[in-house]
Amino acid sequence: KNEVEQSPQNLTAQEGEFITINCSYSVGISALHWLQQHPGGGIVSLFMLSSGKKKHGRLIATINIQEKHSSLHITASHPRDSAVYICAASYNNNDMRFGAGTRLTVKP
Amino acid sequence: GAGVSQTPSNKVTEKGKYVELRCDPISGHTALYWYRQSLGQGPEFLIYFQGTGAADDSGLPNDRFFAVRPEGSVSTLKIQRTERGDSAVYLCASSLTGYSTDTQYFGPGTRLTVL
């Protein structure tokens, strides 16, 4: 069983819709990362958070330490947001475990 | 400033051959990570360097895989006697200090295909 679980696996939305991607992790972590991966493999770090909430433009990431759960929200989604979004948990020993990713397609 | 670069971008080899994959981290980053990503899956940790030393190589699948970082900057991932199951995208990332809360900056990856 993967220590980091993401849902949904695939998500299709219409332009303008509010998007939520969920991530659950099984044991205590030092930080939770949200990454974006475009076709061709390039990975970009979106957020790193250990508590609370972070916002950058139309992207919002939240984490609930007690429930071991994080969400990534995209407001006013746009076709250029189409990508794979990956949740990753890092631990004190520098081990990093990744979710399988959520493939988001935003249609115009 | 340049980001993390990896060469080659694509590598096709035959089963049983030896391959080397190179990673150039961001200048000044002390920590360097190698990951492997199979189709449709998230990346999987292979090895982590702090400076010149491998601080954690617990993710290397077997002794056919080896990585070095002799001068604390460029790293080479070496795979001996390649197998078809080694086919994947090999990703490299670097971070400034290696603290688990550091942001990791990823390279574009090397797509390895073993025929």
# chains A, B, ... in the order shown; residues from 1 in each chain; ligands from 1

call {"tool": "interface_residues", "arguments": {"of": "chain A", "to": "chain B", "cutoff": "9 Å", "atoms": "only C-alpha atoms", "output": "list of chain:residue names"}}
result
A:Ser30, A:Ala31, A:Leu32, A:His33, A:Gly40, A:Gly41, A:Gly42, A:Ile43, A:Val44, A:Ser45, A:Phe47, A:Met48, A:Leu49, A:Ser50, A:Ile86, A:Cys87, A:Ala88, A:Ser90, A:Tyr91, A:Asn92, A:Asn93, A:Asn94, A:Asp95, A:Met96, A:Arg97, A:Phe98, A:Gly99, A:Ala100, A:Gly101

call {"tool": "write_last_selection", "arguments": {"atoms": "N, CA and C atoms", "output": "PDB file, in the first residue's frame"}}
result
ATOM      1  N   SER A  30       7.440  15.499   7.908  1.00  0.00           N
ATOM      2  CA  SER A  30       8.010  16.805   8.229  1.00  0.00           C
ATOM      3  C   SER A  30       7.456  17.881   7.299  1.00  0.00           C
ATOM      4  N   ALA A  31       7.049  17.490   6.091  1.00  0.00           N
ATOM      5  CA  ALA A  31       6.464  18.463   5.164  1.00  0.00           C
ATOM      6  C   ALA A  31       5.685  17.741   4.080  1.00  0.00           C
ATOM      7  N   LEU A  32       4.749  18.451   3.498  1.00  0.00           N
ATOM      8  CA  LEU A  32       3.936  17.916   2.413  1.00  0.00           C
ATOM      9  C   LEU A  32       4.145  18.821   1.202  1.00  0.00           C
ATOM     10  N   HIS A  33       4.425  18.211   0.057  1.00  0.00           N
ATOM     11  CA  HIS A  33       4.715  18.975  -1.155  1.00  0.00           C
ATOM     12  C   HIS A  33       3.640  18.724  -2.198  1.00  0.00           C
ATOM     13  N   GLY A  40       5.956  15.548 -20.943  1.00  0.00           N
ATOM     14  CA  GLY A  40       7.387  15.688 -21.224  1.00  0.00           C
ATOM     15  C   GLY A  40       8.220  15.548 -19.980  1.00  0.00           C
ATOM     16  N   GLY A  41       7.598  15.534 -18.817  1.00  0.00           N
ATOM     17  CA  GLY A  41       8.289  15.156 -17.588  1.00  0.00           C
ATOM     18  C   GLY A  41       8.686  16.256 -16.645  1.00  0.00           C
ATOM     19  N   GLY A  42       8.677  17.534 -17.068  1.00  0.00           N
ATOM     20  CA  GLY A  42       9.161  18.577 -16.181  1.00  0.00           C
ATOM     21  C   GLY A  42       8.308  18.709 -14.936  1.00  0.00           C
ATOM     22  N   ILE A  43       8.957  18.684 -13.769  1.00  0.00           N
ATOM     23  CA  ILE A  43       8.246  18.792 -12.493  1.00  0.00           C
ATOM     24  C   ILE A  43       8.575  20.132 -11.861  1.00  0.00           C
ATOM     25  N   VAL A  44       7.527  20.801 -11.413  1.00  0.00           N
ATOM     26  CA  VAL A  44       7.686  22.093 -10.751  1.00  0.00           C
ATOM     27  C   VAL A  44       7.090  21.991  -9.359  1.00  0.00           C
ATOM     28  N   SER A  45       7.821  22.478  -8.387  1.00  0.00           N
ATOM     29  CA  SER A  45       7.308  22.490  -7.032  1.00  0.00           C
ATOM     30  C   SER A  45       6.326  23.656  -6.879  1.00  0.00           C
ATOM     31  N   PHE A  47       3.990  23.968  -3.893  1.00  0.00           N
ATOM     32  CA  PHE A  47       3.910  24.331  -2.489  1.00  0.00           C
ATOM     33  C   PHE A  47       4.682  23.332  -1.648  1.00  0.00           C
ATOM     34  N   MET A  48       5.188  23.843  -0.533  1.00  0.00           N
ATOM     35  CA  MET A  48       5.683  22.993   0.531  1.00  0.00           C
ATOM     36  C   MET A  48       5.058  23.514   1.802  1.00  0.00           C
ATOM     37  N   LEU A  49       4.339  22.659   2.505  1.00  0.00           N
ATOM     38  CA  LEU A  49       3.681  23.143   3.718  1.00  0.00           C
ATOM     39  C   LEU A  49       3.718  22.089   4.803  1.00  0.00           C
ATOM     40  N   SER A  50       3.783  22.564   6.021  1.00  0.00           N
ATOM     41  CA  SER A  50       3.787  21.672   7.172  1.00  0.00           C
ATOM     42  C   SER A  50       2.602  21.957   8.087  1.00  0.00           C
ATOM     43  N   ILE A  86       1.031  16.095  -8.331  1.00  0.00           N
ATOM     44  CA  ILE A  86       1.569  15.040  -7.488  1.00  0.00           C
ATOM     45  C   ILE A  86       1.736  15.553  -6.066  1.00  0.00           C
ATOM     46  N   CYS A  87       1.265  14.757  -5.139  1.00  0.00           N
ATOM     47  CA  CYS A  87       1.439  15.036  -3.724  1.00  0.00           C
ATOM     48  C   CYS A  87       2.633  14.209  -3.237  1.00  0.00           C
ATOM     49  N   ALA A  88       3.493  14.795  -2.438  1.00  0.00           N
ATOM     50  CA  ALA A  88       4.655  14.064  -1.929  1.00  0.00           C
ATOM     51  C   ALA A  88       4.881  14.409  -0.469  1.00  0.00           C
ATOM     52  N   SER A  90       7.535  14.356   2.727  1.00  0.00           N
ATOM     53  CA  SER A  90       8.937  14.193   3.113  1.00  0.00           C
ATOM     54  C   SER A  90       9.029  13.944   4.609  1.00  0.00           C
ATOM     55  N   TYR A  91      10.035  13.152   4.971  1.00  0.00           N
ATOM     56  CA  TYR A  91      10.215  12.697   6.336  1.00  0.00           C
ATOM     57  C   TYR A  91      11.551  13.203   6.859  1.00  0.00           C
ATOM     58  N   ASN A  92      11.762  13.103   8.134  1.00  0.00           N
ATOM     59  CA  ASN A  92      12.972  13.656   8.741  1.00  0.00           C
ATOM     60  C   ASN A  92      14.257  13.038   8.205  1.00  0.00           C
ATOM     61  N   ASN A  93      14.166  11.814   7.708  1.00  0.00           N
ATOM     62  CA  ASN A  93      15.359  11.163   7.161  1.00  0.00           C
ATOM     63  C   ASN A  93      15.584  11.521   5.698  1.00  0.00           C
ATOM     64  N   ASN A  94      14.879  12.532   5.205  1.00  0.00           N
ATOM     65  CA  ASN A  94      14.972  12.979   3.810  1.00  0.00           C
ATOM     66  C   ASN A  94      14.343  12.020   2.820  1.00  0.00           C
ATOM     67  N   ASP A  95      13.730  10.957   3.306  1.00  0.00           N
ATOM     68  CA  ASP A  95      12.962  10.099   2.422  1.00  0.00           C
ATOM     69  C   ASP A  95      11.759  10.894   1.913  1.00  0.00           C
ATOM     70  N   MET A  96      11.420  10.705   0.679  1.00  0.00           N
ATOM     71  CA  MET A  96      10.287  11.408   0.102  1.00  0.00           C
ATOM     72  C   MET A  96       9.433  10.384  -0.622  1.00  0.00           C
ATOM     73  N   ARG A  97       8.156  10.333  -0.275  1.00  0.00           N
ATOM     74  CA  ARG A  97       7.239   9.376  -0.883  1.00  0.00           C
ATOM     75  C   ARG A  97       6.199  10.132  -1.689  1.00  0.00           C
ATOM     76  N   PHE A  98       5.975   9.651  -2.887  1.00  0.00           N
ATOM     77  CA  PHE A  98       5.100  10.347  -3.825  1.00  0.00           C
ATOM     78  C   PHE A  98       3.787   9.606  -4.004  1.00  0.00           C
ATOM     79  N   GLY A  99       2.728  10.366  -4.203  1.00  0.00           N
ATOM     80  CA  GLY A  99       1.483   9.788  -4.660  1.00  0.00           C
ATOM     81  C   GLY A  99       1.589   9.465  -6.143  1.00  0.00           C
ATOM     82  N   ALA A 100       0.595   8.768  -6.643  1.00  0.00           N
ATOM     83  CA  ALA A 100       0.616   8.344  -8.047  1.00  0.00           C
ATOM     84  C   ALA A 100       0.261   9.474  -8.999  1.00  0.00           C
ATOM     85  N   GLY A 101      -0.242  10.584  -8.448  1.00  0.00           N
ATOM     86  CA  GLY A 101      -0.576  11.730  -9.291  1.00  0.00           C
ATOM     87  C   GLY A 101      -2.037  11.774  -9.678  1.00  0.00           C
TER      88      GLY A 101
END

call {"tool": "residues_around", "arguments": {"residues": "A:Thr62", "least_positions_apart": "3", "cutoff": "6 Å", "atoms": "only C-alpha atoms", "output": "PDB file with all heavy atoms, in the first residue's frame"}}
result
ATOM      1  N   GLY A  52      -1.386  24.500   8.160  1.00  0.00           N
ATOM      2  CA  GLY A  52      -2.201  25.597   7.687  1.00  0.00           C
ATOM      3  C   GLY A  52      -2.486  25.599   6.204  1.00  0.00           C
ATOM      4  O   GLY A  52      -2.897  24.598   5.626  1.00  0.00           O
ATOM      5  N   LYS A  53      -2.253  26.732   5.605  1.00  0.00           N
ATOM      6  CA  LYS A  53      -2.721  26.989   4.253  1.00  0.00           C
ATOM      7  C   LYS A  53      -1.735  27.912   3.545  1.00  0.00           C
ATOM      8  O   LYS A  53      -1.126  28.782   4.175  1.00  0.00           O
ATOM      9  CB  LYS A  53      -4.086  27.671   4.380  1.00  0.00           C
ATOM     10  CG  LYS A  53      -4.731  28.173   3.131  1.00  0.00           C
ATOM     11  CD  LYS A  53      -6.085  28.793   3.510  1.00  0.00           C
ATOM     12  CE  LYS A  53      -6.712  29.561   2.389  1.00  0.00           C
ATOM     13  NZ  LYS A  53      -8.022  30.124   2.774  1.00  0.00           N
ATOM     14  N   SER A  70      -4.251  16.522   2.985  1.00  0.00           N
ATOM     15  CA  SER A  70      -3.976  17.803   2.342  1.00  0.00           C
ATOM     16  C   SER A  70      -4.829  17.919   1.091  1.00  0.00           C
ATOM     17  O   SER A  70      -5.188  16.905   0.475  1.00  0.00           O
ATOM     18  CB  SER A  70      -2.499  17.911   1.968  1.00  0.00           C
ATOM     19  OG  SER A  70      -2.231  19.115   1.269  1.00  0.00           O
ATOM     20  N   SER A  71      -5.164  19.130   0.730  1.00  0.00           N
ATOM     21  CA  SER A  71      -5.903  19.385  -0.499  1.00  0.00           C
ATOM     22  C   SER A  71      -5.229  20.482  -1.306  1.00  0.00           C
ATOM     23  O   SER A  71      -4.651  21.416  -0.739  1.00  0.00           O
ATOM     24  CB  SER A  71      -7.342  19.823  -0.194  1.00  0.00           C
ATOM     25  OG  SER A  71      -8.078  18.778   0.391  1.00  0.00           O
TER      26      SER A  71
END

call {"tool": "select_by_dssp", "arguments": {"residues": "chain B", "states": "strand (DSSP E or B)", "output": "compact mmCIF listing (two decimals) with N, CA and C atoms, in the first residue's frame"}}
result
# COMPACT_ATOMS: atom_id res chain seq x y z
N SER B 5 19.83 20.34 -14.80
CA SER B 5 19.83 19.78 -16.15
C SER B 5 20.23 18.31 -16.10
N GLN B 6 19.72 17.55 -17.06
CA GLN B 6 20.00 16.13 -17.13
C GLN B 6 20.32 15.76 -18.57
N THR B 7 21.29 14.89 -18.71
CA THR B 7 21.64 14.39 -20.04
C THR B 7 21.88 12.89 -19.99
N ASN B 10 16.98 11.48 -23.74
CA ASN B 10 16.46 10.16 -24.09
C ASN B 10 17.63 9.20 -24.28
N LYS B 11 17.45 7.98 -23.84
CA LYS B 11 18.48 6.96 -24.02
C LYS B 11 17.79 5.65 -24.34
N VAL B 12 18.13 5.10 -25.49
CA VAL B 12 17.63 3.78 -25.87
C VAL B 12 18.81 2.83 -25.86
N THR B 13 18.66 1.72 -25.19
CA THR B 13 19.75 0.76 -25.11
C THR B 13 19.20 -0.66 -25.21
N VAL B 19 24.60 1.75 -18.89
CA VAL B 19 24.25 3.14 -19.19
C VAL B 19 24.65 4.06 -18.05
N GLU B 20 24.93 5.30 -18.42
CA GLU B 20 25.22 6.34 -17.45
C GLU B 20 24.29 7.52 -17.71
N LEU B 21 23.69 8.01 -16.66
CA LEU B 21 22.80 9.16 -16.74
C LEU B 21 23.40 10.27 -15.89
N ARG B 22 23.41 11.47 -16.43
CA ARG B 22 24.11 12.58 -15.76
C ARG B 22 23.12 13.62 -15.25
N CYS B 23 23.46 14.19 -14.09
CA CYS B 23 22.64 15.26 -13.52
C CYS B 23 23.55 16.42 -13.11
N ASP B 24 23.20 17.62 -13.57
CA ASP B 24 23.88 18.86 -13.15
C ASP B 24 22.93 19.63 -12.25
N ALA B 31 22.43 19.23 -1.69
CA ALA B 31 21.68 17.97 -1.72
C ALA B 31 21.26 17.64 -3.14
N LEU B 32 21.38 16.36 -3.48
CA LEU B 32 20.99 15.91 -4.82
C LEU B 32 20.26 14.58 -4.67
N TYR B 33 19.18 14.45 -5.40
CA TYR B 33 18.31 13.27 -5.30
C TYR B 33 18.12 12.65 -6.68
N TRP B 34 18.06 11.33 -6.70
CA TRP B 34 17.66 10.61 -7.91
C TRP B 34 16.34 9.90 -7.64
N TYR B 35 15.43 9.99 -8.62
CA TYR B 35 14.15 9.30 -8.55
C TYR B 35 13.93 8.56 -9.87
N ARG B 36 13.03 7.58 -9.82
CA ARG B 36 12.65 6.87 -11.03
C ARG B 36 11.13 6.93 -11.14
N GLN B 37 10.65 7.23 -12.33
CA GLN B 37 9.21 7.32 -12.53
C GLN B 37 8.79 6.41 -13.67
N GLU B 44 9.68 7.56 -7.65
CA GLU B 44 10.09 6.64 -6.60
C GLU B 44 11.53 7.00 -6.23
N PHE B 45 11.78 7.17 -4.94
CA PHE B 45 13.10 7.56 -4.46
C PHE B 45 14.15 6.48 -4.73
N LEU B 46 15.31 6.90 -5.20
CA LEU B 46 16.43 5.97 -5.41
C LEU B 46 17.57 6.24 -4.42
N ILE B 47 18.10 7.47 -4.45
CA ILE B 47 19.28 7.78 -3.66
C ILE B 47 19.36 9.27 -3.42
N TYR B 48 19.99 9.63 -2.29
CA TYR B 48 20.13 11.03 -1.90
C TYR B 48 21.58 11.28 -1.50
N PHE B 49 22.16 12.34 -2.08
CA PHE B 49 23.52 12.75 -1.75
C PHE B 49 23.49 14.03 -0.94
N GLN B 50 24.35 14.06 0.07
CA GLN B 50 24.61 15.30 0.80
C GLN B 50 26.10 15.57 0.56
N GLY B 53 28.88 12.52 -0.50
CA GLY B 53 28.52 11.21 0.04
C GLY B 53 27.06 10.86 -0.14
N ALA B 54 26.81 9.58 -0.35
CA ALA B 54 25.44 9.09 -0.46
C ALA B 54 24.89 8.93 0.96
N ALA B 55 24.01 9.85 1.33
CA ALA B 55 23.46 9.83 2.69
C ALA B 55 22.41 8.74 2.86
N ASP B 56 21.75 8.39 1.76
CA ASP B 56 20.69 7.39 1.82
C ASP B 56 20.57 6.76 0.45
N PHE B 65 22.53 -0.98 -9.82
CA PHE B 65 22.40 0.48 -9.80
C PHE B 65 23.45 1.07 -8.86
N PHE B 66 24.10 2.12 -9.34
CA PHE B 66 25.12 2.78 -8.54
C PHE B 66 25.15 4.25 -8.93
N ALA B 67 25.41 5.12 -7.98
CA ALA B 67 25.48 6.55 -8.29
C ALA B 67 26.67 7.16 -7.58
N VAL B 68 27.25 8.18 -8.23
CA VAL B 68 28.39 8.88 -7.66
C VAL B 68 28.20 10.37 -7.79
N SER B 75 26.32 14.63 -10.70
CA SER B 75 26.14 13.24 -10.28
C SER B 75 25.88 12.37 -11.50
N THR B 76 26.34 11.12 -11.41
CA THR B 76 26.10 10.15 -12.46
C THR B 76 25.42 8.93 -11.87
N LEU B 77 24.32 8.54 -12.47
CA LEU B 77 23.63 7.30 -12.10
C LEU B 77 24.04 6.25 -13.11
N LYS B 78 24.54 5.13 -12.61
CA LYS B 78 25.07 4.10 -13.47
C LYS B 78 24.23 2.84 -13.33
N ILE B 79 23.85 2.26 -14.43
CA ILE B 79 23.07 1.03 -14.42
C ILE B 79 23.79 -0.02 -15.24
N ALA B 88 12.19 3.59 -17.74
CA ALA B 88 11.47 4.57 -16.92
C ALA B 88 12.05 5.94 -17.22
N VAL B 89 11.46 6.97 -16.61
CA VAL B 89 12.08 8.29 -16.63
C VAL B 89 12.85 8.45 -15.33
N TYR B 90 14.11 8.79 -15.44
CA TYR B 90 14.97 8.98 -14.27
C TYR B 90 15.09 10.47 -14.02
N LEU B 91 14.61 10.88 -12.85
CA LEU B 91 14.56 12.29 -12.49
C LEU B 91 15.63 12.61 -11.46
N CYS B 92 16.20 13.76 -11.60
CA CYS B 92 17.16 14.27 -10.64
C CYS B 92 16.60 15.55 -10.03
N ALA B 93 16.86 15.78 -8.77
CA ALA B 93 16.43 17.02 -8.12
C ALA B 93 17.56 17.48 -7.20
N SER B 94 17.59 18.78 -6.95
CA SER B 94 18.56 19.28 -5.99
C SER B 94 17.87 20.27 -5.04
N SER B 95 18.44 20.40 -3.87
CA SER B 95 17.95 21.40 -2.92
C SER B 95 19.14 22.06 -2.24
N TYR B 105 14.21 21.11 -6.52
CA TYR B 105 14.08 21.58 -7.89
C TYR B 105 14.42 20.42 -8.81
N PHE B 106 13.48 20.10 -9.67
CA PHE B 106 13.61 18.91 -10.50
C PHE B 106 14.18 19.24 -11.88
N THR B 110 15.57 11.95 -17.68
CA THR B 110 16.11 11.16 -18.79
C THR B 110 15.18 9.98 -18.99
N ARG B 111 14.65 9.88 -20.20
CA ARG B 111 13.78 8.74 -20.51
C ARG B 111 14.64 7.58 -20.99
N LEU B 112 14.71 6.52 -20.21
CA LEU B 112 15.50 5.34 -20.55
C LEU B 112 14.59 4.25 -21.08
N THR B 113 14.92 3.75 -22.25
CA THR B 113 14.18 2.63 -22.84
C THR B 113 15.15 1.49 -23.07
N VAL B 114 14.85 0.36 -22.47
CA VAL B 114 15.67 -0.83 -22.63
C VAL B 114 14.92 -1.81 -23.52

call {"tool": "residues_around", "arguments": {"residues": "B:Leu96", "least_positions_apart": "4", "cutoff": "7 Å", "atoms": "only C-alpha atoms", "output": "PDB file with all heavy atoms, in the first residue's frame"}}
result
ATOM      1  N   GLY B  28      25.618  25.412  -6.127  1.00  0.00           N
ATOM      2  CA  GLY B  28      25.533  25.737  -4.709  1.00  0.00           C
ATOM      3  C   GLY B  28      24.611  24.836  -3.918  1.00  0.00           C
ATOM      4  O   GLY B  28      24.617  24.870  -2.680  1.00  0.00           O
ATOM      5  N   HIS B  29      23.822  24.016  -4.593  1.00  0.00           N
ATOM      6  CA  HIS B  29      22.933  23.095  -3.881  1.00  0.00           C
ATOM      7  C   HIS B  29      23.748  21.912  -3.365  1.00  0.00           C
ATOM      8  O   HIS B  29      24.439  21.237  -4.119  1.00  0.00           O
ATOM      9  CB  HIS B  29      21.810  22.607  -4.799  1.00  0.00           C
ATOM     10  CG  HIS B  29      20.702  23.582  -4.938  1.00  0.00           C
ATOM     11  ND1 HIS B  29      19.466  23.249  -5.455  1.00  0.00           N
ATOM     12  CD2 HIS B  29      20.619  24.897  -4.603  1.00  0.00           C
ATOM     13  CE1 HIS B  29      18.671  24.302  -5.432  1.00  0.00           C
ATOM     14  NE2 HIS B  29      19.354  25.325  -4.934  1.00  0.00           N
ATOM     15  N   THR B  30      23.635  21.660  -2.072  1.00  0.00           N
ATOM     16  CA  THR B  30      24.433  20.578  -1.488  1.00  0.00           C
ATOM     17  C   THR B  30      23.747  19.224  -1.590  1.00  0.00           C
ATOM     18  O   THR B  30      24.402  18.195  -1.556  1.00  0.00           O
ATOM     19  CB  THR B  30      24.729  20.867  -0.007  1.00  0.00           C
ATOM     20  OG1 THR B  30      23.494  20.901   0.720  1.00  0.00           O
ATOM     21  CG2 THR B  30      25.459  22.189   0.159  1.00  0.00           C
ATOM     22  N   ALA B  31      22.426  19.231  -1.690  1.00  0.00           N
ATOM     23  CA  ALA B  31      21.683  17.974  -1.718  1.00  0.00           C
ATOM     24  C   ALA B  31      21.262  17.640  -3.144  1.00  0.00           C
ATOM     25  O   ALA B  31      20.850  18.513  -3.907  1.00  0.00           O
ATOM     26  CB  ALA B  31      20.457  18.057  -0.827  1.00  0.00           C
TER      27      ALA B  31
END

call {"tool": "atom_distance", "arguments": {"atom1": "atom CA of A:Ser77", "atom2": "atom CA of A:His38"}}
result
15.7 Å

call {"tool": "residues_around", "arguments": {"residues": "A:Thr75", "least_positions_apart": "5", "cutoff": "8 Å", "atoms": "only C-alpha atoms", "output": "list of chain:residue names"}}
result
A:Gly16, A:Glu17, A:Phe18, A:Ile19, A:Arg58, A:Leu59

call {"tool": "residues_around", "arguments": {"residues": "A:Lys107", "least_positions_apart": "5", "cutoff": "6 Å", "atoms": "only C-alpha atoms", "output": "number ranges by chain"}}
result
A: 14-15, 79

call {"tool": "atom_distance", "arguments": {"atom1": "atom CA of B:Glu14", "atom2": "atom CA of B:Ser38"}}
result
18.2 Å

call {"tool": "residues_around", "arguments": {"residues": "A:Cys23", "least_positions_apart": "2", "cutoff": "6 Å", "atoms": "only C-alpha atoms", "output": "list in words"}}
result
Glu5, Gln6, His69 and Ser70 of chain A

call {"tool": "write_last_selection", "arguments": {"atoms": "all heavy atoms", "output": "compact mmCIF listing (two decimals), in the first residue's frame"}}
result
# COMPACT_ATOMS: atom_id res chain seq x y z
N GLU A 5 -1.63 8.58 -0.70
CA GLU A 5 -2.75 8.26 -1.57
C GLU A 5 -3.37 9.55 -2.10
O GLU A 5 -3.64 10.47 -1.33
CB GLU A 5 -3.81 7.47 -0.80
CG GLU A 5 -3.34 6.13 -0.27
CD GLU A 5 -3.31 5.05 -1.34
OE1 GLU A 5 -3.84 5.31 -2.45
OE2 GLU A 5 -2.75 3.99 -1.09
N GLN A 6 -3.59 9.59 -3.40
CA GLN A 6 -4.22 10.77 -4.01
C GLN A 6 -5.55 10.38 -4.63
O GLN A 6 -5.73 9.26 -5.12
CB GLN A 6 -3.35 11.32 -5.14
CG GLN A 6 -2.21 12.15 -4.69
CD GLN A 6 -1.47 12.78 -5.84
OE1 GLN A 6 -0.30 12.51 -6.05
NE2 GLN A 6 -2.15 13.66 -6.60
N HIS A 69 -4.12 14.81 6.08
CA HIS A 69 -4.80 15.06 4.82
C HIS A 69 -4.44 16.44 4.30
O HIS A 69 -4.32 17.40 5.06
CB HIS A 69 -6.32 14.95 5.02
CG HIS A 69 -7.11 15.19 3.79
ND1 HIS A 69 -7.56 16.44 3.41
CD2 HIS A 69 -7.51 14.35 2.81
CE1 HIS A 69 -8.21 16.34 2.28
NE2 HIS A 69 -8.20 15.09 1.89
N SER A 70 -4.25 16.52 2.98
CA SER A 70 -3.98 17.80 2.34
C SER A 70 -4.83 17.92 1.09
O SER A 70 -5.19 16.91 0.47
CB SER A 70 -2.50 17.91 1.97
OG SER A 70 -2.23 19.11 1.27

call {"tool": "atom_distance", "arguments": {"atom1": "atom CA of A:Thr20", "atom2": "atom CA of A:Pro108"}}
result
18.2 Å

call {"tool": "closest_residue", "arguments": {"among": "A:Leu35, A:Arg80, A:Tyr85, A:Ile29", "to": "A:Ile63", "atoms": "only C-alpha atoms"}}
result
A:Ile29
